[in-house]
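Working notes for the structure below.
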Amino acid sequence: AGVVALEGVVAAGPRPRSPRAFAGGRLLRHWASLRWDDTQGLPPHTFERRARGLEAKLDRTKTSGKGKQVEVLPYFVSKEAWICHEWLETTLLLLTTGSFEFCRDYLLPLPDPELKGALKQRALYGDSAALSQSLWAALPTEEGLALLHGGSGAFWSEQSDRAGLDSWAASLGV
């Protein structure tokens with residue numbers, strides 16, 4: 001239900017831009033099985049649209065980067081990686097145009113105070129955790145009720161996205 005709700009946030013035009021971009025970033029992490037830390041070495045200028053989806057490069061992670069055996073790690077997200085709402089192309093536009101269109105070596109900048117755009121500053125782990133809690137608290141069900149109650153969004157940390165796809169695959173016997 002959480003992934004579907006995040007897709008809905010990305011697809012919903014009337015919402016402020018920053019929460020939509022942030023939700024898209026969480027979906028990228030989920031479908032590419034990335035840690036939050038990985039997005040700190042994920043420059044949007046490496047995004048390449050392919051016939052089957054998005055190819056990009058991680059410039060630095062816990063296991064890659066300058067001076068390490070593997071300097072750059074490629075990753076791919078299929079354009080078919082969605083449940084109810086196609087989100088990938090919208091996410092790419094949200095993260096690379098308007099106030100998000102500036103050179104950076106990380107994925108997500110801080111939102112501006114009105115949540116309509118981005119500041120030219122890196123969102124740190126604590127910032128991302130606070131943005132996630134705000135996002136989880138605002139996610140509705142199809143009936144318009146709160147998807148998560150109270151502070152239950154705290155169950156999903158900024159590292160949880162990495163295990164999401166793997167857990168789905170394991171439950172299917174993959």
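As shown in the structure tokens, the chain order sets the letters A, B, ...; within each chain, residues go from 1, and ligands are also counted from 1 in the order they appear.
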### strand (DSSP E) per DSSP on the backbone: members of segment 93-125 of chain A, as a count of residues only
8
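If you count only C-alpha atoms and ignore residues fewer than 5 places along the chain from Leu6 of chain A, what sits within 9 Å of it is Ala1, Ala11, Arg20, Ala23, Gly24, Arg26, Leu27, Trp87, Leu135, Trp136 and Leu139 of chain A.
Shortest atom-to-atom contact with Ala81 of chain A among A:Val9, A:Ala32, A:Leu124, A:Leu94: A:Ala32, counting only C-alpha atoms.
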### Task
With a distance cut-off of 9 Å and only C-alpha atoms, select the neighbouring residues of Ser99 of chain A, excluding the residue or stretch itself and same-chain residues fewer than 5 positions from it, and output the selection as a ChimeraX atom specification.
/A:116-120
### Query
Tyr75 of chain A: which residues within 7 Å, counting only C-alpha atoms, same-chain residues fewer than 6 positions away excluded, as a PyMOL selection string?
chain A and resi 32+55-57
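In terms of minimum interatomic distance to His85 of chain A, A:Gly8 ranks closest within A:Gly126, A:Gly2, A:Gly8, A:Pro16, counting only C-alpha atoms.
Shortest separation to Gly41 of chain A among A:Phe76, A:Leu108, A:Trp82, A:Leu54 occurs at residue A:Leu108, atoms counted being only C-alpha atoms.
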### Message
Write out as number ranges by chain the set of residues from segment 35-101 of chain A that DSSP, computed on the backbone, places in helix (DSSP H, G or I).
### Response
A: 37-41, 44-46, 88-96, 98-100
Selected residues, all heavy atoms, written as a short mmCIF file (atom, residue, chain, number, x, y, z; two decimals), in the first residue's frame, please.
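To be explicit, this is the file written out as again.cif:
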data_model
loop_
_atom_site.label_atom_id
_atom_site.label_comp_id
_atom_site.auth_asym_id
_atom_site.auth_seq_id
_atom_site.Cartn_x
_atom_site.Cartn_y
_atom_site.Cartn_z
N ASP A 37 22.07 6.27 1.75
CA ASP A 37 23.44 6.74 1.54
C ASP A 37 23.82 6.71 0.07
O ASP A 37 24.59 7.55 -0.39
CB ASP A 37 24.45 5.86 2.29
CG ASP A 37 24.12 5.66 3.74
OD1 ASP A 37 22.94 5.49 4.06
OD2 ASP A 37 25.06 5.66 4.55
N ASP A 38 23.30 5.74 -0.68
CA ASP A 38 23.62 5.64 -2.11
C ASP A 38 23.19 6.88 -2.86
O ASP A 38 23.84 7.30 -3.82
CB ASP A 38 22.96 4.41 -2.74
CG ASP A 38 23.48 3.10 -2.19
OD1 ASP A 38 24.63 3.06 -1.68
OD2 ASP A 38 22.74 2.09 -2.27
N THR A 39 22.09 7.50 -2.44
CA THR A 39 21.59 8.68 -3.15
C THR A 39 22.50 9.89 -2.95
O THR A 39 22.38 10.87 -3.67
CB THR A 39 20.16 9.04 -2.73
OG1 THR A 39 20.14 9.44 -1.35
CG2 THR A 39 19.21 7.88 -2.97
N GLN A 40 23.41 9.80 -1.98
CA GLN A 40 24.35 10.89 -1.77
C GLN A 40 25.44 10.91 -2.84
O GLN A 40 26.18 11.88 -2.97
CB GLN A 40 24.97 10.80 -0.37
CG GLN A 40 23.95 10.97 0.73
CD GLN A 40 23.21 12.28 0.62
OE1 GLN A 40 23.77 13.35 0.83
NE2 GLN A 40 21.93 12.21 0.28
N GLY A 41 25.53 9.84 -3.61
CA GLY A 41 26.47 9.77 -4.73
C GLY A 41 25.75 9.50 -6.03
O GLY A 41 26.27 8.82 -6.92
N PRO A 44 21.92 13.56 -10.63
CA PRO A 44 20.88 13.47 -11.65
C PRO A 44 21.38 13.62 -13.08
O PRO A 44 20.75 13.13 -14.01
CB PRO A 44 19.92 14.61 -11.29
CG PRO A 44 20.12 14.79 -9.82
CD PRO A 44 21.57 14.53 -9.60
N HIS A 45 22.55 14.26 -13.27
CA HIS A 45 23.05 14.39 -14.64
C HIS A 45 23.46 13.05 -15.25
O HIS A 45 23.69 12.96 -16.44
CB HIS A 45 24.21 15.41 -14.72
CG HIS A 45 25.49 14.93 -14.13
ND1 HIS A 45 25.84 15.18 -12.83
CD2 HIS A 45 26.51 14.22 -14.67
CE1 HIS A 45 27.01 14.63 -12.58
NE2 HIS A 45 27.44 14.04 -13.68
N THR A 46 23.52 11.98 -14.42
CA THR A 46 23.83 10.65 -14.96
C THR A 46 22.59 9.92 -15.46
O THR A 46 22.70 8.83 -16.02
CB THR A 46 24.55 9.76 -13.93
OG1 THR A 46 23.65 9.42 -12.87
CG2 THR A 46 25.79 10.44 -13.37
N LEU A 88 7.87 6.91 -13.11
CA LEU A 88 9.29 7.12 -13.41
C LEU A 88 9.54 8.40 -14.21
O LEU A 88 10.37 9.23 -13.83
CB LEU A 88 9.87 5.90 -14.12
CG LEU A 88 11.37 5.94 -14.39
CD1 LEU A 88 12.17 6.11 -13.11
CD2 LEU A 88 11.81 4.68 -15.12
N GLU A 89 8.86 8.59 -15.31
CA GLU A 89 9.11 9.77 -16.16
C GLU A 89 8.79 11.06 -15.40
O GLU A 89 9.54 12.03 -15.48
CB GLU A 89 8.30 9.69 -17.45
CG GLU A 89 8.59 10.82 -18.41
CD GLU A 89 10.05 10.92 -18.85
OE1 GLU A 89 10.74 9.88 -18.97
OE2 GLU A 89 10.51 12.05 -19.08
N THR A 90 7.71 11.08 -14.65
CA THR A 90 7.36 12.26 -13.87
C THR A 90 8.44 12.55 -12.84
O THR A 90 8.83 13.70 -12.64
CB THR A 90 5.99 12.08 -13.19
OG1 THR A 90 5.01 11.83 -14.20
CG2 THR A 90 5.60 13.31 -12.39
N THR A 91 8.95 11.50 -12.19
CA THR A 91 10.01 11.68 -11.21
C THR A 91 11.25 12.29 -11.85
O THR A 91 11.86 13.21 -11.29
CB THR A 91 10.37 10.34 -10.53
OG1 THR A 91 9.24 9.90 -9.76
CG2 THR A 91 11.58 10.46 -9.62
N LEU A 92 11.63 11.79 -13.02
CA LEU A 92 12.80 12.33 -13.69
C LEU A 92 12.62 13.81 -14.00
O LEU A 92 13.54 14.61 -13.83
CB LEU A 92 13.09 11.54 -14.96
CG LEU A 92 13.43 10.06 -14.76
CD1 LEU A 92 13.68 9.38 -16.09
CD2 LEU A 92 14.59 9.88 -13.81
N LEU A 93 11.43 14.19 -14.43
CA LEU A 93 11.16 15.61 -14.71
C LEU A 93 11.19 16.43 -13.42
O LEU A 93 11.75 17.53 -13.39
CB LEU A 93 9.81 15.76 -15.41
CG LEU A 93 9.77 15.25 -16.85
CD1 LEU A 93 8.33 15.28 -17.38
CD2 LEU A 93 10.68 16.07 -17.74
N LEU A 94 10.58 15.91 -12.36
CA LEU A 94 10.55 16.63 -11.09
C LEU A 94 11.97 16.88 -10.55
O LEU A 94 12.25 17.94 -10.00
CB LEU A 94 9.74 15.86 -10.04
CG LEU A 94 8.24 15.82 -10.24
CD1 LEU A 94 7.60 14.78 -9.33
CD2 LEU A 94 7.63 17.20 -10.00
N LEU A 95 12.85 15.89 -10.72
CA LEU A 95 14.20 15.98 -10.15
C LEU A 95 15.21 16.71 -11.01
O LEU A 95 16.34 16.95 -10.56
CB LEU A 95 14.71 14.56 -9.84
CG LEU A 95 14.00 13.83 -8.72
CD1 LEU A 95 14.47 12.39 -8.64
CD2 LEU A 95 14.23 14.54 -7.39
N THR A 96 14.82 17.06 -12.25
CA THR A 96 15.82 17.64 -13.16
C THR A 96 15.39 18.94 -13.82
O THR A 96 16.14 19.48 -14.63
CB THR A 96 16.20 16.63 -14.26
OG1 THR A 96 15.04 16.29 -15.02
CG2 THR A 96 16.84 15.38 -13.68
N GLY A 98 13.13 22.94 -13.53
CA GLY A 98 12.73 24.00 -12.61
C GLY A 98 13.81 24.26 -11.57
O GLY A 98 15.01 24.26 -11.88
N SER A 99 13.42 24.45 -10.33
CA SER A 99 14.38 24.75 -9.27
C SER A 99 15.28 23.56 -8.93
O SER A 99 16.29 23.72 -8.24
CB SER A 99 13.66 25.23 -8.01
OG SER A 99 12.80 24.22 -7.52
N PHE A 100 14.95 22.36 -9.45
CA PHE A 100 15.80 21.18 -9.25
C PHE A 100 16.87 21.07 -10.32
O PHE A 100 17.71 20.19 -10.27
CB PHE A 100 14.94 19.90 -9.28
CG PHE A 100 14.12 19.69 -8.04
CD1 PHE A 100 12.92 20.34 -7.85
CD2 PHE A 100 14.54 18.82 -7.05
CE1 PHE A 100 12.15 20.14 -6.72
CE2 PHE A 100 13.79 18.61 -5.90
CZ PHE A 100 12.59 19.28 -5.74
#
